[in-house]
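Student: TSV, C-alpha atoms, saved as start27.tsv, coming up:
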```
chain	number	residue	atom	x	y	z
Y	1	MET	CA	-12.29	-8.05	12.37
Y	2	GLY	CA	-12.31	-11.41	10.64
Y	3	PHE	CA	-12.29	-9.82	7.21
Y	4	ILE	CA	-9.31	-7.51	7.67
Y	5	ILE	CA	-7.04	-9.70	5.63
Y	6	PRO	CA	-9.56	-10.22	2.83
Y	7	ILE	CA	-10.07	-6.46	2.44
Y	8	GLY	CA	-6.35	-5.76	2.36
Y	9	ALA	CA	-5.86	-8.64	-0.04
Y	10	ALA	CA	-8.73	-7.47	-2.25
Y	11	VAL	CA	-7.19	-3.99	-2.46
Y	12	PHE	CA	-3.81	-5.47	-3.35
Y	13	LEU	CA	-5.33	-7.83	-5.90
Y	14	ALA	CA	-7.52	-5.23	-7.58
Y	15	PHE	CA	-4.56	-2.96	-8.32
Y	16	PHE	CA	-2.25	-5.83	-9.14
Y	17	ILE	CA	-4.68	-7.10	-11.80
Y	18	ALA	CA	-5.47	-3.67	-13.25
Y	19	ASN	CA	-1.80	-2.83	-13.69
Y	20	LEU	CA	-0.80	-6.26	-14.94
Y	21	LEU	CA	-3.40	-6.12	-17.69
Y	22	GLY	CA	-2.82	-2.41	-18.31
Y	23	TYR	CA	-0.02	-3.03	-20.72
Y	24	GLY	CA	1.43	0.35	-21.65
Y	25	GLY	CA	2.03	2.17	-18.40
Y	26	GLY	CA	-0.12	4.19	-16.04
Y	27	PRO	CA	-2.53	6.00	-18.38
Y	28	ALA	CA	-3.33	2.73	-20.21
Y	29	SER	CA	-4.43	1.11	-16.97
Y	30	ILE	CA	-6.96	3.80	-15.95
Y	31	PRO	CA	-9.92	2.05	-17.63
Y	32	LEU	CA	-8.89	-1.22	-16.01
Y	33	MET	CA	-8.65	0.43	-12.60
Y	34	TYR	CA	-12.06	1.95	-13.21
Y	35	ASP	CA	-13.40	-1.52	-13.92
Y	36	GLN	CA	-12.01	-2.92	-10.65
Y	37	ILE	CA	-12.86	0.08	-8.46
Y	38	VAL	CA	-16.32	0.95	-9.77
Y	39	ASN	CA	-17.74	-2.14	-11.45
Y	40	ARG	CA	-16.22	-5.00	-9.53
Y	41	TYR	CA	-15.84	-3.82	-5.94
Y	42	GLY	CA	-18.01	-0.68	-5.91
Y	43	TRP	CA	-15.46	1.21	-3.82
Y	44	LEU	CA	-16.31	4.47	-5.63
Y	45	ASP	CA	-19.23	5.44	-7.81
Y	46	ASN	CA	-18.86	6.96	-11.24
Y	47	ALA	CA	-18.96	10.58	-10.07
Y	48	GLU	CA	-16.46	9.95	-7.27
Y	49	PHE	CA	-14.12	8.26	-9.72
Y	50	SER	CA	-14.12	11.18	-12.15
Y	51	GLN	CA	-13.66	13.64	-9.29
Y	52	MET	CA	-10.67	11.68	-8.08
Y	53	LEU	CA	-9.25	11.51	-11.60
Y	54	ALA	CA	-9.60	15.29	-11.93
Y	55	LEU	CA	-7.65	15.80	-8.72
Y	56	GLY	CA	-5.04	13.28	-9.89
Y	57	ASN	CA	-4.58	15.14	-13.16
Y	58	SER	CA	-3.90	18.41	-11.38
Y	59	LEU	CA	-1.13	16.88	-9.27
Y	60	PRO	CA	2.34	15.73	-10.41
Y	61	GLY	CA	3.64	12.15	-10.34
Y	62	PRO	CA	2.47	8.89	-11.94
Y	63	ILE	CA	-1.33	8.67	-12.31
Y	64	ALA	CA	-1.64	4.95	-11.47
Y	65	THR	CA	-0.06	5.37	-8.04
Y	66	LYS	CA	-2.14	8.44	-7.25
Y	67	ILE	CA	-5.36	6.53	-7.96
Y	68	ALA	CA	-4.15	3.51	-5.98
Y	69	ALA	CA	-3.17	5.63	-2.98
Y	70	TYR	CA	-6.48	7.46	-2.89
Y	71	VAL	CA	-8.72	4.42	-3.28
Y	72	GLY	CA	-6.64	2.24	-0.96
Y	73	TYR	CA	-6.86	4.88	1.77
Y	74	ASP	CA	-10.55	5.44	1.16
Y	75	VAL	CA	-11.38	1.74	1.47
Y	76	TYR	CA	-9.13	0.66	4.30
Y	77	GLY	CA	-7.07	3.54	5.74
Y	78	TRP	CA	-3.27	3.49	5.74
Y	79	PRO	CA	-2.99	-0.31	5.39
Y	80	GLY	CA	-5.15	0.03	2.29
Y	81	PHE	CA	-2.93	2.86	1.02
Y	82	ILE	CA	0.10	0.57	1.33
Y	83	ALA	CA	-1.64	-2.52	-0.09
Y	84	ALA	CA	-2.90	-0.64	-3.16
Y	85	LEU	CA	0.51	0.93	-3.85
Y	86	ALA	CA	2.24	-2.42	-3.35
Y	87	GLY	CA	-0.10	-4.09	-5.84
Y	88	THR	CA	0.51	-1.31	-8.36
Y	89	ILE	CA	4.27	-1.01	-8.08
Y	90	ILE	CA	5.97	-4.13	-6.76
Y	91	PRO	CA	5.22	-6.88	-9.31
Y	92	SER	CA	6.41	-4.98	-12.39
Y	93	ALA	CA	9.32	-3.31	-10.56
Y	94	VAL	CA	10.66	-6.65	-9.30
Y	95	ALA	CA	10.23	-8.20	-12.76
Y	96	LEU	CA	12.24	-5.34	-14.32
Y	97	ILE	CA	15.03	-5.63	-11.77
Y	98	PHE	CA	15.42	-9.39	-12.38
Y	99	LEU	CA	15.24	-9.08	-16.17
Y	100	LEU	CA	17.90	-6.37	-16.24
Y	101	LYS	CA	20.07	-8.32	-13.83
Y	102	ILE	CA	20.16	-11.19	-16.31
Y	103	LEU	CA	20.85	-8.89	-19.26
Y	104	ARG	CA	23.66	-7.05	-17.44
Y	105	LYS	CA	25.31	-10.36	-16.67
Y	106	PHE	CA	25.68	-11.04	-20.39
Y	107	LYS	CA	26.33	-7.46	-21.46
Y	108	HIS	CA	29.50	-8.34	-23.35
Y	109	SER	CA	27.85	-11.01	-25.48
Y	110	PRO	CA	27.10	-9.97	-29.07
Y	111	ILE	CA	23.46	-10.96	-28.48
Y	112	VAL	CA	22.88	-8.41	-25.71
Y	113	LYS	CA	25.02	-5.82	-27.51
Y	114	GLY	CA	22.88	-6.19	-30.60
Y	115	MET	CA	19.74	-5.86	-28.51
Y	116	SER	CA	20.82	-2.61	-26.87
Y	117	LEU	CA	21.93	-1.19	-30.22
Y	118	LEU	CA	18.64	-2.03	-31.93
Y	119	VAL	CA	16.34	-0.52	-29.30
Y	120	GLN	CA	17.86	2.92	-29.86
Y	121	PRO	CA	16.02	3.74	-33.08
Y	122	VAL	CA	12.71	2.62	-31.54
Y	123	ILE	CA	13.24	4.75	-28.45
Y	124	ALA	CA	14.14	7.73	-30.62
Y	125	ILE	CA	10.92	7.40	-32.64
Y	126	MET	CA	8.84	6.68	-29.52
Y	127	MET	CA	10.16	9.87	-27.90
Y	128	LEU	CA	9.55	11.78	-31.12
Y	129	LEU	CA	5.90	10.71	-31.16
Y	130	LEU	CA	5.56	11.65	-27.46
Y	131	THR	CA	7.10	15.04	-28.25
Y	132	TRP	CA	4.53	15.54	-30.97
Y	133	SER	CA	1.54	14.61	-28.79
Y	134	MET	CA	2.81	16.72	-25.87
Y	135	ALA	CA	3.29	19.71	-28.19
Y	136	ALA	CA	-0.21	19.21	-29.60
Y	137	ASP	CA	-1.65	19.12	-26.06
Y	138	ALA	CA	0.20	22.31	-25.18
Y	139	VAL	CA	-1.08	24.14	-28.26
Y	140	GLY	CA	-4.58	22.84	-27.55
Y	141	SER	CA	-4.63	24.26	-24.05
Y	142	ILE	CA	-2.59	27.49	-24.16
Y	143	GLY	CA	-2.43	28.25	-27.90
Y	144	TYR	CA	0.44	28.57	-30.40
Y	145	ILE	CA	2.00	31.79	-29.18
Y	146	HIS	CA	2.46	30.89	-25.51
Y	147	SER	CA	3.54	27.35	-26.45
Y	148	ILE	CA	6.21	28.61	-28.85
Y	149	ILE	CA	7.50	31.25	-26.41
Y	150	ILE	CA	7.77	28.73	-23.56
Y	151	ALA	CA	9.31	26.06	-25.79
Y	152	ALA	CA	11.90	28.49	-27.19
Y	153	LEU	CA	12.88	29.71	-23.71
Y	154	ALA	CA	13.01	26.13	-22.42
Y	155	PHE	CA	15.20	25.09	-25.35
Y	156	LEU	CA	17.67	27.89	-24.61
Y	157	ALA	CA	17.65	27.25	-20.86
Y	158	LEU	CA	18.05	23.47	-21.13
Y	159	GLY	CA	20.21	23.15	-24.24
Y	160	LYS	CA	22.38	26.24	-24.21
Y	161	PHE	CA	22.61	27.34	-20.60
Y	162	LYS	CA	22.28	23.82	-19.11
Y	163	ILE	CA	19.89	24.95	-16.39
Y	164	HIS	CA	18.46	22.11	-14.26
Y	165	PRO	CA	15.07	21.00	-15.66
Y	166	ALA	CA	13.51	21.35	-12.19
Y	167	PHE	CA	14.25	25.06	-12.28
Y	168	VAL	CA	12.94	25.42	-15.82
Y	169	ILE	CA	9.66	23.73	-14.82
Y	170	ILE	CA	9.25	26.10	-11.87
Y	171	LEU	CA	9.80	29.07	-14.20
Y	172	ALA	CA	7.16	27.64	-16.54
Y	173	PHE	CA	4.74	27.46	-13.59
Y	174	ALA	CA	5.38	31.12	-12.90
Y	175	TYR	CA	4.81	31.96	-16.56
Y	176	GLY	CA	1.53	30.01	-16.51
Y	177	GLY	CA	0.32	31.58	-13.30
Y	178	LEU	CA	1.42	35.17	-13.88
Y	179	ILE	CA	1.76	35.87	-17.60
Y	180	ILE	CA	-0.84	33.71	-19.37
Y	181	PRO	CA	-3.89	35.12	-17.50
Y	182	ASN	CA	-2.76	38.69	-18.24
Y	183	LEU	CA	-2.03	38.37	-21.94
Q	1	MET	CA	24.24	15.50	0.55
Q	2	LYS	CA	27.01	13.15	-0.62
Q	3	SER	CA	25.58	9.82	0.53
Q	4	PRO	CA	23.96	7.73	-2.21
Q	5	TYR	CA	20.80	7.46	-0.12
Q	6	SER	CA	20.33	11.20	0.11
Q	7	GLU	CA	21.13	11.61	-3.60
Q	8	LEU	CA	18.49	9.00	-4.43
Q	9	THR	CA	15.97	10.69	-2.17
Q	10	VAL	CA	16.57	14.20	-3.50
Q	11	GLY	CA	16.76	13.12	-7.15
Q	12	MET	CA	13.62	11.00	-7.06
Q	13	LEU	CA	11.68	13.54	-4.96
Q	14	ARG	CA	12.41	16.13	-7.62
Q	15	THR	CA	11.20	13.89	-10.44
Q	16	GLY	CA	8.07	12.96	-8.47
Q	17	ILE	CA	7.09	16.52	-7.59
Q	18	LEU	CA	7.85	18.09	-10.97
Q	19	GLY	CA	6.69	15.29	-13.27
Q	20	PHE	CA	3.47	16.68	-14.72
Q	21	GLY	CA	1.64	14.99	-17.56
Q	22	GLY	CA	1.78	11.31	-16.64
Q	23	GLY	CA	4.42	8.59	-16.67
Q	24	PRO	CA	6.16	8.95	-20.05
Q	25	SER	CA	6.65	12.72	-19.72
Q	26	VAL	CA	8.71	12.23	-16.57
Q	27	ILE	CA	11.29	10.06	-18.36
Q	28	PRO	CA	13.54	12.97	-19.46
Q	29	LEU	CA	13.52	14.29	-15.88
Q	30	ILE	CA	14.50	10.89	-14.52
Q	31	ARG	CA	17.20	10.62	-17.18
Q	32	HIS	CA	18.60	14.01	-16.18
Q	33	GLU	CA	18.95	12.97	-12.52
Q	34	ALA	CA	20.20	9.44	-13.27
Q	35	VAL	CA	22.60	10.09	-16.15
Q	36	SER	CA	23.65	13.76	-16.16
Q	37	ARG	CA	23.49	14.75	-12.54
Q	38	TYR	CA	24.29	11.75	-10.38
Q	39	GLN	CA	25.70	9.27	-12.95
Q	40	TRP	CA	23.93	6.26	-11.50
Q	41	LEU	CA	24.26	4.69	-14.94
Q	42	ASP	CA	25.43	5.72	-18.42
Q	43	ASP	CA	23.13	6.75	-21.23
Q	44	GLU	CA	23.28	3.41	-23.02
Q	45	GLU	CA	22.27	1.54	-19.87
Q	46	PHE	CA	19.48	4.06	-19.35
Q	47	GLY	CA	18.24	3.34	-22.88
Q	48	ASP	CA	18.29	-0.44	-22.25
Q	49	THR	CA	16.45	0.03	-18.97
Q	50	LEU	CA	13.80	2.18	-20.59
Q	51	ALA	CA	13.37	-0.29	-23.44
Q	52	ILE	CA	12.98	-3.34	-21.20
Q	53	ALA	CA	10.72	-1.39	-18.83
Q	54	ASN	CA	8.45	-0.65	-21.79
Q	55	THR	CA	8.05	-4.33	-22.58
Q	56	LEU	CA	6.65	-5.02	-19.08
Q	57	PRO	CA	3.21	-4.03	-17.82
Q	58	GLY	CA	2.67	-1.51	-15.01
Q	59	PRO	CA	3.48	2.20	-14.60
Q	60	ILE	CA	6.73	3.17	-16.36
Q	61	ALA	CA	7.99	5.79	-13.87
Q	62	THR	CA	7.80	3.52	-10.83
Q	63	LYS	CA	9.58	0.70	-12.68
Q	64	MET	CA	12.39	3.08	-13.63
Q	65	ALA	CA	12.58	4.49	-10.09
Q	66	ALA	CA	12.78	1.00	-8.59
Q	67	TYR	CA	15.52	-0.13	-10.96
Q	68	LEU	CA	17.62	3.01	-10.46
Q	69	GLY	CA	17.34	2.66	-6.69
Q	70	TYR	CA	18.33	-1.00	-6.97
Q	71	GLN	CA	21.29	-0.11	-9.18
Q	72	VAL	CA	22.56	2.42	-6.61
Q	73	ARG	CA	21.92	0.58	-3.33
Q	74	GLY	CA	20.17	-2.79	-3.82
Q	75	TRP	CA	16.69	-3.52	-2.51
Q	76	PRO	CA	16.70	-0.80	0.20
Q	77	GLY	CA	17.68	1.66	-2.53
Q	78	ALA	CA	14.80	0.45	-4.71
Q	79	LEU	CA	12.30	0.95	-1.89
Q	80	LEU	CA	13.64	4.39	-1.00
Q	81	SER	CA	13.70	5.52	-4.61
Q	82	VAL	CA	10.10	4.45	-5.29
Q	83	ALA	CA	8.88	5.97	-2.01
Q	84	ALA	CA	10.57	9.31	-2.75
Q	85	HIS	CA	9.10	9.30	-6.26
Q	86	VAL	CA	5.47	8.47	-5.43
Q	87	LEU	CA	4.78	9.43	-1.81
Q	88	PRO	CA	4.49	13.21	-2.17
Q	89	SER	CA	1.79	13.02	-4.82
Q	90	CYS	CA	0.09	9.99	-3.18
Q	91	LEU	CA	-0.15	11.78	0.17
Q	92	ALA	CA	-1.38	14.89	-1.62
Q	93	MET	CA	-4.19	12.77	-3.12
Q	94	VAL	CA	-5.33	11.68	0.33
Q	95	PHE	CA	-5.13	15.10	1.94
Q	96	LEU	CA	-6.24	17.36	-0.90
Q	97	ILE	CA	-9.50	15.69	-1.87
Q	98	GLY	CA	-11.30	18.35	0.21
Q	99	PHE	CA	-9.82	21.03	-2.05
Q	100	ILE	CA	-10.77	19.24	-5.23
Q	101	ASN	CA	-12.99	22.04	-6.48
Q	102	VAL	CA	-10.40	24.72	-5.85
Q	103	LEU	CA	-7.70	22.71	-7.60
Q	104	SER	CA	-9.40	21.23	-10.61
Q	105	ASN	CA	-11.56	24.25	-11.44
Q	106	SER	CA	-8.93	26.93	-10.91
Q	107	ALA	CA	-7.88	28.61	-14.15
Q	108	ILE	CA	-4.56	29.60	-12.61
Q	109	VAL	CA	-3.66	26.02	-11.64
Q	110	GLY	CA	-4.77	24.87	-15.09
Q	111	ASN	CA	-2.57	27.47	-16.78
Q	112	MET	CA	0.40	26.62	-14.60
Q	113	ILE	CA	0.21	22.94	-15.49
Q	114	ALA	CA	-0.38	23.69	-19.17
Q	115	ALA	CA	2.66	25.99	-19.22
Q	116	VAL	CA	4.85	23.02	-18.27
Q	117	MET	CA	3.76	21.04	-21.35
Q	118	PRO	CA	5.97	22.89	-23.88
Q	119	VAL	CA	8.94	22.37	-21.51
Q	120	VAL	CA	8.20	18.65	-21.39
Q	121	ALA	CA	7.85	18.61	-25.18
Q	122	VAL	CA	11.31	20.19	-25.52
Q	123	MET	CA	12.83	17.65	-23.11
Q	124	LEU	CA	11.21	14.73	-24.95
Q	125	GLY	CA	12.41	16.18	-28.25
Q	126	GLN	CA	15.99	16.49	-27.01
Q	127	MET	CA	15.88	12.90	-25.82
Q	128	ALA	CA	14.55	11.78	-29.22
Q	129	TYR	CA	17.37	13.64	-30.95
Q	130	GLU	CA	20.08	12.19	-28.73
Q	131	PHE	CA	18.86	8.62	-29.09
Q	132	GLY	CA	18.51	9.17	-32.83
Q	133	GLU	CA	22.08	10.41	-33.01
Q	134	LYS	CA	23.29	7.38	-31.10
Q	135	ALA	CA	21.36	5.02	-33.35
Q	136	ILE	CA	22.95	6.56	-36.46
Q	137	LYS	CA	26.40	6.35	-34.89
Q	138	GLY	CA	25.97	2.68	-33.94
Q	139	LEU	CA	24.13	1.44	-37.01
Q	140	GLY	CA	25.38	3.74	-39.76
Q	141	THR	CA	23.25	6.20	-41.71
Q	142	VAL	CA	21.52	3.78	-44.08
Q	143	LEU	CA	20.58	1.12	-41.52
Q	144	GLY	CA	19.77	3.81	-38.93
Q	145	ILE	CA	17.30	5.59	-41.20
Q	146	THR	CA	15.81	2.26	-42.31
Q	147	PHE	CA	15.13	1.31	-38.70
Q	148	PHE	CA	13.72	4.76	-37.92
Q	149	ALA	CA	11.29	4.31	-40.81
Q	150	ILE	CA	10.31	0.80	-39.70
Q	151	SER	CA	9.78	2.01	-36.11
Q	152	PHE	CA	7.70	4.93	-37.29
Q	153	ILE	CA	5.50	2.75	-39.48
Q	154	LEU	CA	4.97	0.15	-36.75
Q	155	LEU	CA	4.27	2.72	-34.01
Q	156	GLN	CA	2.31	5.34	-35.89
Q	157	THR	CA	0.79	3.77	-39.01
Q	158	VAL	CA	0.18	0.23	-37.76
Q	159	SER	CA	-0.35	1.57	-34.18
Q	160	LEU	CA	1.37	-1.38	-32.57
Q	161	HIS	CA	1.97	-0.99	-28.86
Q	162	PRO	CA	5.50	0.40	-28.11
Q	163	GLY	CA	6.23	-2.60	-25.88
Q	164	ILE	CA	5.57	-4.96	-28.78
Q	165	VAL	CA	7.62	-2.91	-31.25
Q	166	ILE	CA	10.51	-2.91	-28.76
Q	167	MET	CA	10.19	-6.68	-28.37
Q	168	ILE	CA	10.40	-7.13	-32.16
Q	169	PHE	CA	13.56	-5.00	-32.30
Q	170	LEU	CA	15.07	-6.78	-29.28
Q	171	LEU	CA	14.44	-10.10	-30.98
Q	172	TYR	CA	16.06	-8.96	-34.22
Q	173	GLY	CA	18.85	-7.26	-32.22
Q	174	ALA	CA	19.79	-10.58	-30.65
Q	175	PHE	CA	20.75	-11.83	-34.14
Q	176	HIS	CA	21.98	-8.54	-35.58
Q	177	PHE	CA	25.73	-9.05	-35.16
Q	178	LYS	CA	25.56	-12.70	-36.23
Q	179	LEU	CA	23.68	-11.72	-39.37
Q	180	LYS	CA	26.11	-8.93	-40.11
Q	181	GLU	CA	29.06	-11.29	-39.84
Q	182	LYS	CA	27.39	-13.84	-42.12
Q	183	LEU	CA	26.79	-11.17	-44.74
Q	184	LYS	CA	30.38	-10.03	-44.47
Q	185	ASN	CA	31.69	-13.57	-44.91
Q	186	LYS	CA	29.45	-14.15	-47.89
Q	187	ARG	CA	30.67	-10.96	-49.52
Q	188	ALA	CA	34.28	-11.94	-48.86
Q	189	GLU	CA	33.63	-15.38	-50.37
Q	190	ARG	CA	32.10	-13.84	-53.45
Q	191	LYS	CA	35.09	-11.57	-53.86
Q	192	GLU	CA	37.44	-14.51	-53.56
Q	193	GLY	CA	35.38	-16.43	-56.09
Q	194	SER	CA	35.46	-13.65	-58.65
Q	195	ALA	CA	39.14	-12.97	-58.15
```
Would you mind giving the structure from this file in structure tokens?
Tutor:
Amino acid sequence: MGFIIPIGAAVFLAFFIANLLGYGGGPASIPLMYDQIVNRYGWLDNAEFSQMLALGNSLPGPIATKIAAYVGYDVYGWPGFIAALAGTIIPSAVALIFLLKILRKFKHSPIVKGMSLLVQPVIAIMMLLLTWSMAADAVGSIGYIHSIIIAALAFLALGKFKIHPAFVIILAFAYGGLIIPNL
Amino acid sequence: MKSPYSELTVGMLRTGILGFGGGPSVIPLIRHEAVSRYQWLDDEEFGDTLAIANTLPGPIATKMAAYLGYQVRGWPGALLSVAAHVLPSCLAMVFLIGFINVLSNSAIVGNMIAAVMPVVAVMLGQMAYEFGEKAIKGLGTVLGITFFAISFILLQTVSLHPGIVIMIFLLYGAFHFKLKEKLKNKRAERKEGSA
């Protein structure tokens, strides 16, 4: 049992490094996680990794944490599950909390006010580009007609009738499961 | 259902279970819970949080979840919020690996997930519009459109990473009001001089 700590630490470290270097959120860190999991530690082989990724893509929630949870558990049971998730989540979350704490302290200074004003156009364009790529993905997988019908209904439900997005997503599931296969 | 802890749990569970399509596509869902439904922070603060979160490495959704939890109830809130957001799908990963073939080869499951994409696109589009509107309101039409164009060129044409583009704008933003005042003073001086 002398190597219990090293295994737990290795799991933590592997996911900490992959996510630290994976600048750009979960999807950007997948190749780095692959490098740690398959090449460096050999916890999974190539086929197992792609199988796991396929499962991850058919489930909701952030991809990085799903990979971490699966591999951590596979390597070292529940302690591994926790260590891998901790390595993935905690460092960047704590950094964000401290950074925002500092900014909020000076929120009335013209410096911070200027900063929060100037990020708005970037966020708008960033979201616009995400909208575009999500729409392209939708058209690529279910075609123009279904995509436009769903988008139009979603626009009415969310914008006009102010229905909770959770409910709209569940309706979209039903549409995908019941209507798409039969049309 | 009124305690902040149960609101955090329910709100973040919902975003974790319904957030298909990876980190960025869950942002509008998180914004709905945090700003519209529970008012943990206002929209401007949400925008700041999202911007700063993008400049840091690591998954975006868990950073947002942790900060919102912290904002509502300190460190215990942060832990609860992250756990509610990631645990359902993480536990599903561990327990569903035996059903991998059923899940990832099923046409029905594939269609169900694909049918959510247009909904996510609409939510992202609404968010883009609302932030765009706010930018125009705060900066004026000319400056607003100029900064949209610069953002677009840097993100799409130059393909700079969003975190880096945000950092550039944050850096300029720190001097924006100072610069504006200087320009105003100069203009006033010139007017005085010509008068």
Student: Contacts of Gly22 in chain Q at 12 Å or less, counting all atoms listed in the file, minus same-chain residues fewer than 4 places along, as JSON, numbers by chain?
Tutor: {"Y": [25, 26, 27, 28, 29, 30, 56, 57, 58, 59, 60, 61, 62, 63, 64, 65, 66, 130, 134], "Q": [15, 16, 17, 18, 26, 27, 59, 60, 61, 62, 89, 113, 117, 120]}
Student: Could you tell me how far CA of Val75 in chain Y sits from CA of Ile17 in chain Y, in Å to one decimal place?
Tutor: 17.3 Å
Student: Can I get the residues of range 60-121 of chain Q within 9 Å of range 86-89 of chain Y, each with the closest pair of atoms and their distance in Å to one decimal, using only C-alpha atoms, sorted chain first then ascending number, as CSV?
Tutor:
```
residue,atom,partner,partner_atom,distance
Q:Thr62,CA,Y:Ile89,CA,6.4
Q:Lys63,CA,Y:Ile89,CA,7.2
Q:Ala66,CA,Y:Ile89,CA,8.8
Q:Val82,CA,Y:Ile89,CA,8.5
```
Student: What are the nearest atom pairs, with distances in Å to one decimal, for all residues of chain Y that come at most 6 Å from chain Q, using all atoms listed in the file, set out by chain and rising residue number as JSON lines?
Tutor:
```
{"residue": "Y:Asn19", "atom": "CA", "partner": "Q:Gly58", "partner_atom": "CA", "distance": 4.8}
{"residue": "Y:Leu20", "atom": "CA", "partner": "Q:Pro57", "partner_atom": "CA", "distance": 5.4}
{"residue": "Y:Tyr23", "atom": "CA", "partner": "Q:Pro57", "partner_atom": "CA", "distance": 4.5}
{"residue": "Y:Gly25", "atom": "CA", "partner": "Q:Pro59", "partner_atom": "CA", "distance": 4.1}
{"residue": "Y:Gly26", "atom": "CA", "partner": "Q:Pro59", "partner_atom": "CA", "distance": 4.4}
{"residue": "Y:Leu55", "atom": "CA", "partner": "Q:Ile100", "partner_atom": "CA", "distance": 5.8}
{"residue": "Y:Pro60", "atom": "CA", "partner": "Q:Phe20", "partner_atom": "CA", "distance": 4.6}
{"residue": "Y:Gly61", "atom": "CA", "partner": "Q:Gly16", "partner_atom": "CA", "distance": 4.9}
{"residue": "Y:Pro62", "atom": "CA", "partner": "Q:Gly23", "partner_atom": "CA", "distance": 5.1}
{"residue": "Y:Ile63", "atom": "CA", "partner": "Q:Gly22", "partner_atom": "CA", "distance": 5.9}
{"residue": "Y:Lys66", "atom": "CA", "partner": "Q:Cys90", "partner_atom": "CA", "distance": 4.9}
{"residue": "Y:Ala69", "atom": "CA", "partner": "Q:Cys90", "partner_atom": "CA", "distance": 5.4}
{"residue": "Y:Tyr70", "atom": "CA", "partner": "Q:Val94", "partner_atom": "CA", "distance": 5.4}
{"residue": "Y:Ser92", "atom": "CA", "partner": "Q:Gly58", "partner_atom": "CA", "distance": 5.7}
{"residue": "Y:Ala93", "atom": "CA", "partner": "Q:Lys63", "partner_atom": "CA", "distance": 4.5}
{"residue": "Y:Ile97", "atom": "CA", "partner": "Q:Tyr67", "partner_atom": "CA", "distance": 5.6}
{"residue": "Y:Ile111", "atom": "CA", "partner": "Q:Ala174", "partner_atom": "CA", "distance": 4.3}
{"residue": "Y:Gly114", "atom": "CA", "partner": "Q:Gly173", "partner_atom": "CA", "distance": 4.5}
{"residue": "Y:Met115", "atom": "CA", "partner": "Q:Gly173", "partner_atom": "CA", "distance": 4.1}
{"residue": "Y:Ser116", "atom": "CA", "partner": "Q:Asp48", "partner_atom": "CA", "distance": 5.7}
{"residue": "Y:Leu118", "atom": "CA", "partner": "Q:Gly173", "partner_atom": "CA", "distance": 5.2}
{"residue": "Y:Gln120", "atom": "CA", "partner": "Q:Ala135", "partner_atom": "CA", "distance": 5.4}
{"residue": "Y:Pro121", "atom": "CA", "partner": "Q:Phe148", "partner_atom": "CA", "distance": 5.5}
{"residue": "Y:Val122", "atom": "CA", "partner": "Q:Ser151", "partner_atom": "CA", "distance": 5.5}
{"residue": "Y:Ala124", "atom": "CA", "partner": "Q:Ala128", "partner_atom": "CA", "distance": 4.3}
{"residue": "Y:Met127", "atom": "CA", "partner": "Q:Ala128", "partner_atom": "CA", "distance": 5.0}
{"residue": "Y:Leu128", "atom": "CA", "partner": "Q:Ala128", "partner_atom": "CA", "distance": 5.3}
{"residue": "Y:Thr131", "atom": "CA", "partner": "Q:Ala121", "partner_atom": "CA", "distance": 4.8}
{"residue": "Y:Met134", "atom": "CA", "partner": "Q:Ala121", "partner_atom": "CA", "distance": 5.4}
{"residue": "Y:Ala135", "atom": "CA", "partner": "Q:Ala121", "partner_atom": "CA", "distance": 5.6}
{"residue": "Y:Ala138", "atom": "CA", "partner": "Q:Met117", "partner_atom": "CA", "distance": 5.4}
{"residue": "Y:Ser147", "atom": "CA", "partner": "Q:Pro118", "partner_atom": "CA", "distance": 5.7}
{"residue": "Y:Ala151", "atom": "CA", "partner": "Q:Pro118", "partner_atom": "CA", "distance": 5.0}
{"residue": "Y:Ala154", "atom": "CA", "partner": "Q:Val119", "partner_atom": "CA", "distance": 5.6}
{"residue": "Y:Ile169", "atom": "CA", "partner": "Q:Val116", "partner_atom": "CA", "distance": 6.0}
{"residue": "Y:Ala172", "atom": "CA", "partner": "Q:Val116", "partner_atom": "CA", "distance": 5.4}
{"residue": "Y:Phe173", "atom": "CA", "partner": "Q:Met112", "partner_atom": "CA", "distance": 4.5}
{"residue": "Y:Gly176", "atom": "CA", "partner": "Q:Met112", "partner_atom": "CA", "distance": 4.1}
{"residue": "Y:Gly177", "atom": "CA", "partner": "Q:Met112", "partner_atom": "CA", "distance": 5.1}
```
Student: State, in Å with one decimal place, the distance from CA of Gln36 in chain Y to CA of Ala18 in chain Y.
Tutor: 7.1 Å
Student: Can you tell me which residues surround Glu48 in chain Y at a distance of at most 12 Å, considering all atoms listed in the file, apart from same-chain residues fewer than 3 positions away, and format the answer as a list in words?
Tutor: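 What passes the distance filter is Tyr34, Ile37, Val38, Gly42, Trp43, Leu44, Asp45, Gln51, Met52, Leu53, Ala54, Leu55, Ile67, Tyr70, Val71 and Asp74 of chain Y; Ile97 and Ile100 of chain Q.
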Student: Just how far from CA of Gly140 in chain Q is CA of Lys162 in chain Y, in Å to one decimal?
Tutor: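 Taking CA of Lys162 in chain Y as the start and CA of Gly140 in chain Q as the end point, the length is 29.0 Å.
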Student: With distances taken over only C-alpha atoms, which of Y:Pro79, Y:Gly143, Y:Pro91, Y:Pro110 is nearest to Ala10 in chain Y?
Tutor: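 The answer is Y:Pro79, which sits nearest to Ala10 in chain Y.
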Student: Contacts of Ser6 in chain Q at 10 Å or less, counting all atoms listed in the file, minus same-chain residues fewer than 6 places along, as a list in words?
Tutor: Met12, Leu80 and Ser81 of chain Q
Student: Given the choices Y:Ala174, Y:Leu100, Y:Ile149, Y:Ile7, which gets closest to Tyr73 in chain Y if the distance is worked out from all atoms listed in the file?
Tutor: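 Looking at the shortest contact to Tyr73 in chain Y, the residue is Y:Ile7.
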Student: Leaving out Tyr76 in chain Y and any residue of its chain fewer than 6 positions from it, which residues lie within 10 Å of it when counting all atoms listed in the file, given as a VMD selection string?
Tutor: chain Y and resid 4 7 to 8 11 82 to 84
